[in-house]
file entry36.cif (mmCIF, C-alpha atoms and all ligand atoms)
data_run
#
loop_
_atom_site.group_PDB
_atom_site.id
_atom_site.type_symbol
_atom_site.label_atom_id
_atom_site.label_comp_id
_atom_site.auth_asym_id
_atom_site.auth_seq_id
_atom_site.Cartn_x
_atom_site.Cartn_y
_atom_site.Cartn_z
ATOM 1 C CA MET A 278 -39.285 -35.911 17.944
ATOM 2 C CA ASN A 279 -40.407 -32.469 16.752
ATOM 3 C CA LEU A 280 -43.581 -31.572 18.640
ATOM 4 C CA CYS A 281 -44.067 -28.464 16.493
ATOM 5 C CA ASP A 282 -44.234 -30.445 13.263
ATOM 6 C CA LEU A 283 -47.799 -30.682 11.998
ATOM 7 C CA ARG A 284 -47.356 -34.214 10.636
ATOM 8 C CA GLU A 285 -45.830 -35.472 13.879
ATOM 9 C CA ILE A 286 -48.566 -33.824 15.976
ATOM 10 C CA LYS A 287 -51.223 -35.571 13.880
ATOM 11 C CA GLN A 288 -49.341 -38.891 14.049
ATOM 12 C CA ILE A 289 -49.128 -38.658 17.852
ATOM 13 C CA MET A 290 -52.824 -37.790 18.152
ATOM 14 C CA ASN A 291 -53.732 -40.744 15.879
ATOM 15 C CA MET A 292 -51.418 -43.093 17.753
ATOM 16 C CA PHE A 293 -53.312 -42.349 20.986
ATOM 17 C CA HIS A 294 -56.723 -42.221 19.232
ATOM 18 C CA LEU A 295 -57.244 -38.583 20.230
ATOM 19 C CA SER A 296 -58.782 -35.603 18.495
ATOM 20 C CA PHE A 297 -58.354 -31.922 19.357
ATOM 21 C CA ARG A 298 -60.891 -30.973 22.008
ATOM 22 C CA LYS A 299 -62.210 -27.552 21.118
ATOM 23 C CA GLU A 300 -64.141 -27.240 24.393
ATOM 24 C CA LEU A 301 -60.809 -27.470 26.262
ATOM 25 C CA GLY A 302 -59.159 -24.803 24.111
ATOM 26 C CA GLN A 303 -56.805 -27.309 22.506
ATOM 27 C CA ASN A 304 -54.922 -25.234 19.931
ATOM 28 C CA PHE A 305 -51.382 -26.560 19.859
ATOM 29 C CA LEU A 306 -48.455 -24.370 18.835
ATOM 30 C CA THR A 307 -46.592 -25.353 15.678
ATOM 31 C CA ASP A 308 -43.838 -22.729 15.612
ATOM 32 C CA ARG A 309 -40.639 -23.826 17.303
ATOM 33 C CA SER A 310 -39.068 -20.380 17.496
ATOM 34 C CA VAL A 311 -42.204 -19.043 19.232
ATOM 35 C CA VAL A 312 -42.055 -21.959 21.680
ATOM 36 C CA GLU A 313 -38.416 -21.161 22.439
ATOM 37 C CA ASP A 314 -39.138 -17.438 22.857
ATOM 38 C CA ILE A 315 -41.956 -18.138 25.337
ATOM 39 C CA ALA A 316 -39.793 -20.558 27.335
ATOM 40 C CA TYR A 317 -36.920 -18.063 27.350
ATOM 41 C CA SER A 318 -39.221 -15.288 28.653
ATOM 42 C CA ALA A 319 -40.521 -17.304 31.600
ATOM 43 C CA SER A 320 -37.652 -16.441 33.958
ATOM 44 C CA ASP A 321 -34.114 -15.051 34.053
ATOM 45 C CA ASP A 322 -33.214 -17.720 36.586
ATOM 46 C CA ARG A 323 -32.591 -21.173 35.121
ATOM 47 C CA GLU A 324 -32.735 -22.670 38.628
ATOM 48 C CA SER A 325 -36.463 -21.799 38.765
ATOM 49 C CA THR A 326 -39.352 -24.202 38.880
ATOM 50 C CA VAL A 327 -41.996 -23.514 36.244
ATOM 51 C CA LEU A 328 -45.686 -24.279 36.639
ATOM 52 C CA GLU A 329 -47.106 -25.050 33.203
ATOM 53 C CA ILE A 330 -50.872 -24.993 32.774
ATOM 54 C CA GLY A 331 -52.154 -27.164 29.935
ATOM 55 C CA PRO A 332 -49.050 -28.871 28.506
ATOM 56 C CA GLY A 333 -51.120 -30.570 25.760
ATOM 57 C CA ILE A 334 -48.755 -33.000 24.015
ATOM 58 C CA GLY A 335 -45.685 -31.276 25.486
ATOM 59 C CA THR A 336 -45.088 -28.604 22.820
ATOM 60 C CA LEU A 337 -43.867 -25.982 25.301
ATOM 61 C CA SER A 338 -42.971 -28.409 28.094
ATOM 62 C CA TRP A 339 -39.801 -29.753 26.457
ATOM 63 C CA ALA A 340 -38.432 -26.213 25.906
ATOM 64 C CA LEU A 341 -39.165 -25.356 29.553
ATOM 65 C CA CYS A 342 -37.474 -28.572 30.707
ATOM 66 C CA GLU A 343 -34.392 -27.774 28.594
ATOM 67 C CA ARG A 344 -34.076 -24.375 30.245
ATOM 68 C CA TYR A 345 -35.279 -24.680 33.849
ATOM 69 C CA ARG A 346 -34.554 -26.904 36.797
ATOM 70 C CA ARG A 347 -38.020 -28.355 37.121
ATOM 71 C CA VAL A 348 -41.400 -28.201 35.359
ATOM 72 C CA VAL A 349 -44.654 -29.070 37.132
ATOM 73 C CA ALA A 350 -47.625 -29.295 34.764
ATOM 74 C CA LEU A 351 -51.381 -29.426 35.234
ATOM 75 C CA GLU A 352 -53.401 -30.971 32.408
ATOM 76 C CA ILE A 353 -57.166 -31.428 32.614
ATOM 77 C CA ASP A 354 -57.454 -33.891 29.708
ATOM 78 C CA ARG A 355 -56.839 -37.426 30.971
ATOM 79 C CA GLY A 356 -56.295 -38.633 27.407
ATOM 80 C CA LEU A 357 -53.147 -36.506 27.124
ATOM 81 C CA ILE A 358 -51.383 -37.981 30.176
ATOM 82 C CA PRO A 359 -50.083 -41.113 28.361
ATOM 83 C CA VAL A 360 -49.117 -38.890 25.429
ATOM 84 C CA LEU A 361 -46.962 -36.809 27.768
ATOM 85 C CA GLY A 362 -45.430 -40.025 29.128
ATOM 86 C CA PHE A 363 -44.400 -40.787 25.526
ATOM 87 C CA THR A 364 -43.263 -37.319 24.425
ATOM 88 C CA MET A 365 -41.706 -36.132 27.714
ATOM 89 C CA GLY A 366 -40.422 -39.466 29.062
ATOM 90 C CA GLU A 367 -36.758 -38.517 28.707
ATOM 91 C CA TYR A 368 -37.134 -35.402 30.870
ATOM 92 C CA ARG A 369 -36.573 -36.361 34.503
ATOM 93 C CA ASN A 370 -37.348 -32.769 35.556
ATOM 94 C CA PHE A 371 -40.934 -32.969 34.206
ATOM 95 C CA SER A 372 -44.009 -34.055 36.128
ATOM 96 C CA VAL A 373 -47.676 -33.739 35.251
ATOM 97 C CA VAL A 374 -50.807 -33.879 37.369
ATOM 98 C CA ASN A 375 -54.129 -34.686 35.730
ATOM 99 C CA GLU A 376 -56.190 -31.904 37.251
ATOM 100 C CA ASP A 377 -58.253 -28.832 36.434
ATOM 101 C CA VAL A 378 -56.131 -25.794 37.317
ATOM 102 C CA MET A 379 -59.237 -24.086 38.717
ATOM 103 C CA LYS A 380 -59.653 -26.879 41.282
ATOM 104 C CA ALA A 381 -55.973 -27.485 42.019
ATOM 105 C CA ASP A 382 -54.475 -26.653 45.402
ATOM 106 C CA LEU A 383 -51.491 -24.736 44.044
ATOM 107 C CA ALA A 384 -49.973 -24.003 47.465
ATOM 108 C CA THR A 385 -49.692 -27.716 48.246
ATOM 109 C CA LEU A 386 -48.657 -28.680 44.724
ATOM 110 C CA LEU A 387 -45.812 -26.154 44.740
ATOM 111 C CA GLN A 388 -44.864 -26.251 48.417
ATOM 112 C CA ASP A 389 -41.471 -27.905 47.798
ATOM 113 C CA ALA A 390 -40.773 -25.731 44.773
ATOM 114 C CA PHE A 391 -41.324 -22.523 46.750
ATOM 115 C CA ALA A 392 -39.130 -23.885 49.539
ATOM 116 C CA GLU A 393 -36.363 -24.617 47.001
ATOM 117 C CA GLY A 394 -36.289 -21.305 45.085
ATOM 118 C CA LYS A 395 -38.101 -19.172 42.543
ATOM 119 C CA VAL A 396 -41.302 -20.317 40.875
ATOM 120 C CA SER A 397 -42.784 -18.857 37.686
ATOM 121 C CA VAL A 398 -45.827 -19.736 35.617
ATOM 122 C CA CYS A 399 -45.595 -20.274 31.877
ATOM 123 C CA ALA A 400 -48.464 -21.398 29.667
ATOM 124 C CA ASN A 401 -50.216 -21.259 26.361
ATOM 125 C CA LEU A 402 -53.562 -20.840 28.077
ATOM 126 C CA PRO A 403 -56.882 -22.326 26.974
ATOM 127 C CA TYR A 404 -58.765 -19.215 25.816
ATOM 128 C CA TYR A 405 -62.160 -20.185 27.226
ATOM 129 C CA ILE A 406 -60.863 -19.660 30.754
ATOM 130 C CA THR A 407 -58.006 -17.133 30.508
ATOM 131 C CA THR A 408 -59.264 -14.510 32.966
ATOM 132 C CA PRO A 409 -60.377 -16.936 35.717
ATOM 133 C CA ILE A 410 -56.985 -18.676 35.574
ATOM 134 C CA LEU A 411 -55.106 -15.379 35.720
ATOM 135 C CA MET A 412 -57.246 -14.157 38.639
ATOM 136 C CA LYS A 413 -56.712 -17.437 40.478
ATOM 137 C CA LEU A 414 -52.931 -17.097 40.094
ATOM 138 C CA LEU A 415 -52.943 -13.453 41.226
ATOM 139 C CA GLU A 416 -55.333 -13.951 44.133
ATOM 140 C CA SER A 417 -53.568 -17.102 45.333
ATOM 141 C CA GLY A 418 -51.093 -14.900 47.208
ATOM 142 C CA LEU A 419 -48.343 -17.317 46.140
ATOM 143 C CA PRO A 420 -44.998 -15.597 45.537
ATOM 144 C CA PHE A 421 -44.658 -16.344 41.817
ATOM 145 C CA GLU A 422 -41.810 -14.455 40.193
ATOM 146 C CA ASN A 423 -43.378 -14.089 36.721
ATOM 147 C CA ILE A 424 -46.517 -15.202 34.957
ATOM 148 C CA THR A 425 -45.880 -15.599 31.229
ATOM 149 C CA ILE A 426 -48.993 -16.490 29.265
ATOM 150 C CA MET A 427 -50.057 -16.738 25.667
ATOM 151 C CA ILE A 428 -53.585 -15.367 25.402
ATOM 152 C CA GLN A 429 -55.926 -13.831 22.828
ATOM 153 C CA LYS A 430 -54.385 -10.633 21.468
ATOM 154 C CA GLU A 431 -57.471 -8.650 22.405
ATOM 155 C CA VAL A 432 -57.217 -9.737 26.063
ATOM 156 C CA ALA A 433 -53.468 -9.058 26.053
ATOM 157 C CA ASP A 434 -54.098 -5.529 24.773
ATOM 158 C CA ARG A 435 -56.420 -5.011 27.746
ATOM 159 C CA LEU A 436 -53.898 -6.323 30.263
ATOM 160 C CA CYS A 437 -51.141 -4.045 28.964
ATOM 161 C CA ALA A 438 -53.248 -0.888 28.356
ATOM 162 C CA ARG A 439 -52.487 2.469 29.925
ATOM 163 C CA ALA A 440 -55.130 4.431 31.856
ATOM 164 C CA GLY A 441 -57.292 6.523 29.523
ATOM 165 C CA LYS A 442 -56.981 4.139 26.531
ATOM 166 C CA SER A 443 -60.083 2.390 25.188
ATOM 167 C CA GLU A 444 -58.632 -1.061 26.067
ATOM 168 C CA TYR A 445 -58.126 -0.033 29.703
ATOM 169 C CA GLY A 446 -60.568 -1.794 32.014
ATOM 170 C CA ALA A 447 -61.117 -3.306 35.459
ATOM 171 C CA ILE A 448 -58.768 -6.230 34.739
ATOM 172 C CA THR A 449 -55.981 -3.794 33.732
ATOM 173 C CA ALA A 450 -56.259 -1.882 37.010
ATOM 174 C CA VAL A 451 -56.509 -5.050 39.109
ATOM 175 C CA LEU A 452 -53.496 -6.579 37.381
ATOM 176 C CA ALA A 453 -51.474 -3.389 37.938
ATOM 177 C CA TYR A 454 -52.058 -3.878 41.667
ATOM 178 C CA TYR A 455 -50.142 -7.172 41.551
ATOM 179 C CA GLY A 456 -47.404 -6.450 39.031
ATOM 180 C CA VAL A 457 -46.269 -5.012 35.720
ATOM 181 C CA ALA A 458 -47.466 -6.528 32.435
ATOM 182 C CA GLU A 459 -45.596 -6.306 29.155
ATOM 183 C CA SER A 460 -46.367 -7.672 25.733
ATOM 184 C CA ILE A 461 -43.567 -9.969 24.530
ATOM 185 C CA LEU A 462 -44.669 -11.076 21.059
ATOM 186 C CA THR A 463 -47.755 -11.500 18.899
ATOM 187 C CA VAL A 464 -48.372 -14.849 17.218
ATOM 188 C CA PRO A 465 -50.625 -15.194 14.151
ATOM 189 C CA ALA A 466 -53.496 -17.684 14.322
ATOM 190 C CA ASP A 467 -51.958 -19.873 11.588
ATOM 191 C CA ARG A 468 -49.133 -20.934 13.943
ATOM 192 C CA PHE A 469 -51.536 -23.250 15.807
ATOM 193 C CA VAL A 470 -53.294 -26.497 15.023
ATOM 194 C CA PRO A 471 -56.216 -26.245 14.775
ATOM 195 C CA ALA A 472 -55.971 -22.507 14.011
ATOM 196 C CA PRO A 473 -58.050 -20.382 16.399
ATOM 197 C CA LYS A 474 -60.133 -17.508 15.015
ATOM 198 C CA VAL A 475 -57.907 -14.801 16.475
ATOM 199 C CA ASP A 476 -54.233 -13.921 16.864
ATOM 200 C CA SER A 477 -52.483 -14.413 20.186
ATOM 201 C CA THR A 478 -50.022 -12.425 22.256
ATOM 202 C CA VAL A 479 -47.519 -13.555 24.856
ATOM 203 C CA VAL A 480 -47.691 -11.373 27.956
ATOM 204 C CA ARG A 481 -45.219 -11.465 30.811
ATOM 205 C CA ILE A 482 -46.340 -10.206 34.201
ATOM 206 C CA ARG A 483 -43.556 -9.468 36.652
ATOM 207 C CA LEU A 484 -45.178 -9.721 40.055
ATOM 208 C CA TYR A 485 -44.166 -7.288 42.773
ATOM 209 C CA LYS A 486 -42.149 -8.909 45.536
ATOM 210 C CA GLU A 487 -43.386 -6.152 47.789
ATOM 211 C CA ARG A 488 -46.495 -4.415 46.480
ATOM 212 C CA PRO A 489 -46.131 -0.619 46.280
ATOM 213 C CA TYR A 490 -49.840 -0.160 47.079
ATOM 214 C CA LYS A 491 -51.203 -0.610 50.592
ATOM 215 C CA PRO A 492 -54.963 -0.027 50.533
ATOM 216 C CA ARG A 493 -56.786 0.269 53.870
ATOM 217 C CA ASN A 494 -59.392 -2.188 52.608
ATOM 218 C CA GLU A 495 -58.397 -4.469 49.734
ATOM 219 C CA GLU A 496 -61.892 -5.801 49.196
ATOM 220 C CA LEU A 497 -63.273 -2.253 48.885
ATOM 221 C CA LEU A 498 -60.484 -1.402 46.412
ATOM 222 C CA PHE A 499 -61.574 -4.226 44.092
ATOM 223 C CA ARG A 500 -65.260 -3.328 44.512
ATOM 224 C CA THR A 501 -64.444 0.283 43.639
ATOM 225 C CA ILE A 502 -62.547 -0.746 40.502
ATOM 226 C CA ARG A 503 -65.318 -3.099 39.411
ATOM 227 C CA ALA A 504 -68.025 -0.471 40.015
ATOM 228 C CA ALA A 505 -66.025 2.193 38.138
ATOM 229 C CA PHE A 506 -65.955 0.086 34.965
ATOM 230 C CA GLU A 507 -69.360 -1.553 35.184
ATOM 231 C CA GLN A 508 -70.999 1.408 33.470
ATOM 232 C CA ARG A 509 -68.204 2.899 31.416
ATOM 233 C CA ARG A 510 -70.273 5.680 29.893
ATOM 234 C CA LYS A 511 -71.237 7.103 33.283
ATOM 235 C CA THR A 512 -69.129 9.540 35.227
ATOM 236 C CA LEU A 513 -67.150 7.948 38.035
ATOM 237 C CA SER A 514 -69.432 9.419 40.723
ATOM 238 C CA ASN A 515 -72.548 7.992 39.036
ATOM 239 C CA ALA A 516 -70.924 4.609 38.425
ATOM 240 C CA LEU A 517 -69.726 4.359 42.046
ATOM 241 C CA ALA A 518 -73.071 5.506 43.469
ATOM 242 C CA ALA A 519 -74.809 2.749 41.462
ATOM 243 C CA GLY A 520 -72.151 0.073 41.889
ATOM 244 C CA LEU A 521 -71.091 0.506 45.504
ATOM 245 C CA GLY A 522 -74.468 1.446 46.950
ATOM 246 C CA VAL A 523 -72.936 2.861 50.129
ATOM 247 C CA LEU A 524 -72.619 6.654 49.727
ATOM 248 C CA SER A 525 -74.675 9.239 47.835
ATOM 249 C CA LYS A 526 -73.605 10.628 44.476
ATOM 250 C CA GLU A 527 -72.926 13.991 46.149
ATOM 251 C CA GLN A 528 -70.715 12.430 48.833
ATOM 252 C CA LEU A 529 -68.828 10.474 46.187
ATOM 253 C CA THR A 530 -68.346 13.595 44.036
ATOM 254 C CA ASP A 531 -66.839 15.395 47.042
ATOM 255 C CA ILE A 532 -64.496 12.456 47.674
ATOM 256 C CA ILE A 533 -63.447 12.298 44.000
ATOM 257 C CA VAL A 534 -62.691 16.037 44.009
ATOM 258 C CA SER A 535 -60.820 15.744 47.324
ATOM 259 C CA CYS A 536 -58.589 13.148 45.621
ATOM 260 C CA GLY A 537 -57.587 15.763 43.052
ATOM 261 C CA HIS A 538 -59.869 14.776 40.145
ATOM 262 C CA ARG A 539 -62.520 16.691 38.202
ATOM 263 C CA ALA A 540 -66.052 16.056 39.432
ATOM 264 C CA ASP A 541 -67.089 14.622 36.043
ATOM 265 C CA ILE A 542 -64.085 12.323 35.539
ATOM 266 C CA ARG A 543 -64.667 8.796 34.207
ATOM 267 C CA GLY A 544 -63.197 5.700 35.803
ATOM 268 C CA GLU A 545 -60.999 4.821 32.833
ATOM 269 C CA ARG A 546 -58.792 7.861 33.571
ATOM 270 C CA LEU A 547 -57.664 6.499 36.968
ATOM 271 C CA ASP A 548 -54.585 4.338 37.316
ATOM 272 C CA ILE A 549 -54.123 1.863 40.161
ATOM 273 C CA ALA A 550 -52.493 4.430 42.485
ATOM 274 C CA ASP A 551 -55.526 6.717 41.940
ATOM 275 C CA PHE A 552 -57.908 3.840 42.719
ATOM 276 C CA VAL A 553 -56.068 3.008 45.932
ATOM 277 C CA ALA A 554 -56.235 6.655 47.084
ATOM 278 C CA LEU A 555 -59.914 6.843 46.114
ATOM 279 C CA SER A 556 -60.918 3.620 47.863
ATOM 280 C CA ASP A 557 -59.021 4.751 50.987
ATOM 281 C CA ALA A 558 -60.994 8.025 50.955
ATOM 282 C CA ILE A 559 -64.271 6.100 50.486
ATOM 283 C CA ASP A 560 -63.306 3.787 53.342
ATOM 284 C CA ARG A 561 -62.640 6.782 55.624
ATOM 285 C CA ALA A 562 -65.987 8.354 54.685
ATOM 286 C CA MET A 563 -67.846 5.072 55.300
ATOM 287 C CA ARG A 564 -66.304 4.899 58.770
ATOM 288 C CA GLY A 565 -67.145 8.551 59.431
ATOM 289 C CA GLU A 566 -63.481 9.442 59.912
HETATM 290 N N1 LIG B 601 -49.127 -26.233 25.803
HETATM 291 C C1 LIG B 601 -49.647 -26.727 24.547
HETATM 292 C C2 LIG B 601 -49.161 -25.847 23.416
HETATM 293 O O1 LIG B 601 -48.610 -24.783 23.704
HETATM 294 O O2 LIG B 601 -49.328 -26.211 22.267
HETATM 295 C C3 LIG B 601 -51.182 -26.784 24.567
HETATM 296 C C4 LIG B 601 -51.879 -25.478 24.828
HETATM 297 S S1 LIG B 601 -53.614 -25.526 24.547
HETATM 298 C C5 LIG B 601 -53.901 -23.872 24.056
HETATM 299 C C6 LIG B 601 -54.340 -25.515 26.168
HETATM 300 C C7 LIG B 601 -54.145 -26.771 26.989
HETATM 301 O O3 LIG B 601 -54.777 -26.566 28.273
HETATM 302 C C8 LIG B 601 -54.781 -28.033 26.439
HETATM 303 O O4 LIG B 601 -53.866 -29.091 26.554
HETATM 304 C C9 LIG B 601 -56.002 -28.289 27.335
HETATM 305 O O5 LIG B 601 -56.364 -29.646 27.434
HETATM 306 C C10 LIG B 601 -55.505 -27.721 28.651
HETATM 307 N N2 LIG B 601 -56.574 -27.271 29.566
HETATM 308 C C11 LIG B 601 -57.781 -26.738 29.247
HETATM 309 N N3 LIG B 601 -58.473 -26.405 30.342
HETATM 310 C C12 LIG B 601 -57.677 -26.706 31.409
HETATM 311 C C13 LIG B 601 -57.847 -26.600 32.829
HETATM 312 N N4 LIG B 601 -58.968 -26.081 33.345
HETATM 313 N N5 LIG B 601 -56.846 -27.039 33.630
HETATM 314 C C14 LIG B 601 -55.702 -27.563 33.090
HETATM 315 N N6 LIG B 601 -55.494 -27.691 31.751
HETATM 316 C C15 LIG B 601 -56.456 -27.263 30.920
#

call {"tool": "encode", "arguments": {"input": "entry36.cif", "output": "structure tokens"}}
result
Amino acid sequence: MNLCDLREIKQIMNMFHLSFRKELGQNFLTDRSVVEDIAYSASDDRESTVLEIGPGIGTLSWALCERYRRVVALEIDRGLIPVLGFTMGEYRNFSVVNEDVMKADLATLLQDAFAEGKVSVCANLPYYITTPILMKLLESGLPFENITIMIQKEVADRLCARAGKSEYGAITAVLAYYGVAESILTVPADRFVPAPKVDSTVVRIRLYKERPYKPRNEELLFRTIRAAFEQRRKTLSNALAAGLGVLSKEQLTDIIVSCGHRADIRGERLDIADFVALSDAIDRAMRGE
């Protein structure tokens, strides 16, 4: 069976009386070498377990099963579960749960896997829900080794941007708190069926085992980042005064300057280390220290 072959994909879909569900972001990969590259990037450790989100008809799943010890998949579309039984039946190291990743209890689902060794995430993500899925994985606090995801190129450019670049935004800074993102390869839209409107990029995030940043108040750090980018055209002091609503513009300007920045700096110039130092200084000022 070649799950990247357009004719075979259509035959399988017909056999199970299914059509591609656009609302679930069902764009299946048709390029075998891309599938193999993504699977290869997921982890350096073949003894890992891989969590796959949205296996579809198994296009990426088989390559993950060939390479890693175990693959646990979450697929929201009930209609695809019997398809996976057909396409993935020979792989004893594959299991799928029919569940929405946003509702899944990942800690329980992966409890054994974490007890046994390394766990990474690898997925060709449904584009309608890319950022919420990524945030759920990051905020879960689960010790994933890597998160390798195929996403819209435009979103990938944001995740991998450097401070000061136009693509740099709140999600870039937040992601940098958890790990290091790198772009692995870009995949043209015509390598999917049906073809999406935009090209895609595979991004690998290597999560920190021990985070180098230790903010005094994590929640305030994220609020500070969000406020800094909410009104991009404003100076950082104006954006924080409006977005945080806790200190005056003058107080915030003093804090920004005390952190070594110009008074009129904009948020997009600050990297994650700068944001941690800034939110610590804001926290101290709020507590009157
Ligand atoms: N892995 C296949 C591939 O690479 O060709 C399919 C990828 S397709 C872009 C996204 C898959 O995610 C679809 O199978 C879709 O049904 C599934 N999906 C969409 N929303 C989901 C959710 N909230 N939870 C789990 N799976 C979801």

call {"tool": "axis_aligned_box", "arguments": {"input": "entry36.cif", "around": "ligand LIG 601 (chain B)", "padding_each_side": "6 Å", "output": "lines of an AutoDock Vina configuration file"}}
result
center_x = -53.8
center_y = -26.8
center_z = 27.9
size_x = 22.4
size_y = 17.8
size_z = 23.4

call {"tool": "closest_residue", "arguments": {"input": "entry36.cif", "among": "A:Ala540, A:Val312, A:Leu484, A:Leu415", "to": "ligand LIG 601 (chain B)", "atoms": "all atoms listed in the file"}}
result
A:Val312

call {"tool": "closest_residue", "arguments": {"input": "entry36.cif", "among": "A:Glu313, A:Ile559, A:Thr512, A:Val378", "to": "Asp531 of chain A", "atoms": "all atoms listed in the file"}}
result
A:Ile559

call {"tool": "residues_near_ligand", "arguments": {"input": "entry36.cif", "ligand": "ligand LIG 601 (chain B)", "cutoff": "7 Å", "atoms": "all atoms listed in the file", "output": "JSON list (two decimals) with C-alpha atoms, in the coordinates of the input"}}
result
[["chain", "number", "residue", "atom", "x", "y", "z"],
["A", 301, "LEU", "CA", -60.81, -27.47, 26.26],
["A", 302, "GLY", "CA", -59.16, -24.80, 24.11],
["A", 303, "GLN", "CA", -56.80, -27.31, 22.51],
["A", 304, "ASN", "CA", -54.92, -25.23, 19.93],
["A", 305, "PHE", "CA", -51.38, -26.56, 19.86],
["A", 306, "LEU", "CA", -48.46, -24.37, 18.84],
["A", 330, "ILE", "CA", -50.87, -24.99, 32.77],
["A", 331, "GLY", "CA", -52.15, -27.16, 29.94],
["A", 332, "PRO", "CA", -49.05, -28.87, 28.51],
["A", 333, "GLY", "CA", -51.12, -30.57, 25.76],
["A", 334, "ILE", "CA", -48.76, -33.00, 24.02],
["A", 335, "GLY", "CA", -45.68, -31.28, 25.49],
["A", 336, "THR", "CA", -45.09, -28.60, 22.82],
["A", 337, "LEU", "CA", -43.87, -25.98, 25.30],
["A", 338, "SER", "CA", -42.97, -28.41, 28.09],
["A", 351, "LEU", "CA", -51.38, -29.43, 35.23],
["A", 352, "GLU", "CA", -53.40, -30.97, 32.41],
["A", 353, "ILE", "CA", -57.17, -31.43, 32.61],
["A", 354, "ASP", "CA", -57.45, -33.89, 29.71],
["A", 376, "GLU", "CA", -56.19, -31.90, 37.25],
["A", 377, "ASP", "CA", -58.25, -28.83, 36.43],
["A", 378, "VAL", "CA", -56.13, -25.79, 37.32],
["A", 379, "MET", "CA", -59.24, -24.09, 38.72],
["A", 400, "ALA", "CA", -48.46, -21.40, 29.67],
["A", 401, "ASN", "CA", -50.22, -21.26, 26.36],
["A", 402, "LEU", "CA", -53.56, -20.84, 28.08],
["A", 403, "PRO", "CA", -56.88, -22.33, 26.97],
["A", 404, "TYR", "CA", -58.76, -19.22, 25.82]]

call {"tool": "closest_residue", "arguments": {"input": "entry36.cif", "among": "A:Glu545, A:Glu416, A:Asp382, A:Asp308", "to": "Ala516 of chain A", "atoms": "only C-alpha atoms"}}
result
A:Glu545

call {"tool": "decode", "arguments": {"input": "entry36.cif", "residues": "segment 283-287 of chain A", "atoms": "all heavy atoms", "output": "short mmCIF file (atom, residue, chain, number, x, y, z; two decimals), in the first residue's frame"}}
result
data_model
loop_
_atom_site.label_atom_id
_atom_site.label_comp_id
_atom_site.auth_asym_id
_atom_site.auth_seq_id
_atom_site.Cartn_x
_atom_site.Cartn_y
_atom_site.Cartn_z
N LEU A 283 -1.86 9.28 -4.98
CA LEU A 283 -3.16 9.96 -5.11
C LEU A 283 -4.30 8.98 -5.43
O LEU A 283 -5.38 9.04 -4.85
CB LEU A 283 -3.02 11.01 -6.21
CG LEU A 283 -4.06 12.11 -6.24
CD1 LEU A 283 -4.14 12.81 -4.90
CD2 LEU A 283 -3.70 13.12 -7.33
N ARG A 284 -4.01 8.04 -6.37
CA ARG A 284 -5.06 7.09 -6.75
C ARG A 284 -5.45 6.20 -5.58
O ARG A 284 -6.63 5.94 -5.33
CB ARG A 284 -4.56 6.23 -7.91
CG ARG A 284 -5.30 6.56 -9.18
CD ARG A 284 -5.15 5.52 -10.24
NE ARG A 284 -4.52 4.28 -9.74
CZ ARG A 284 -3.68 3.55 -10.44
NH1 ARG A 284 -3.36 3.89 -11.64
NH2 ARG A 284 -3.16 2.45 -9.95
N GLU A 285 -4.43 5.75 -4.84
CA GLU A 285 -4.72 4.86 -3.69
C GLU A 285 -5.48 5.61 -2.60
O GLU A 285 -6.38 5.07 -1.97
CB GLU A 285 -3.42 4.26 -3.13
CG GLU A 285 -2.86 3.23 -4.06
CD GLU A 285 -1.91 2.25 -3.36
OE1 GLU A 285 -2.11 1.95 -2.18
OE2 GLU A 285 -0.96 1.81 -4.04
N ILE A 286 -5.10 6.89 -2.37
CA ILE A 286 -5.79 7.68 -1.34
C ILE A 286 -7.28 7.77 -1.71
O ILE A 286 -8.16 7.52 -0.89
CB ILE A 286 -5.19 9.11 -1.23
CG1 ILE A 286 -3.74 9.06 -0.77
CG2 ILE A 286 -6.03 9.98 -0.28
CD1 ILE A 286 -3.01 10.39 -0.80
N LYS A 287 -7.54 8.08 -2.99
CA LYS A 287 -8.93 8.22 -3.43
C LYS A 287 -9.68 6.90 -3.34
O LYS A 287 -10.84 6.85 -2.94
CB LYS A 287 -8.99 8.83 -4.83
CG LYS A 287 -8.61 10.31 -4.79
CD LYS A 287 -8.78 11.03 -6.10
CE LYS A 287 -8.50 12.52 -5.86
NZ LYS A 287 -8.16 13.24 -7.09
#
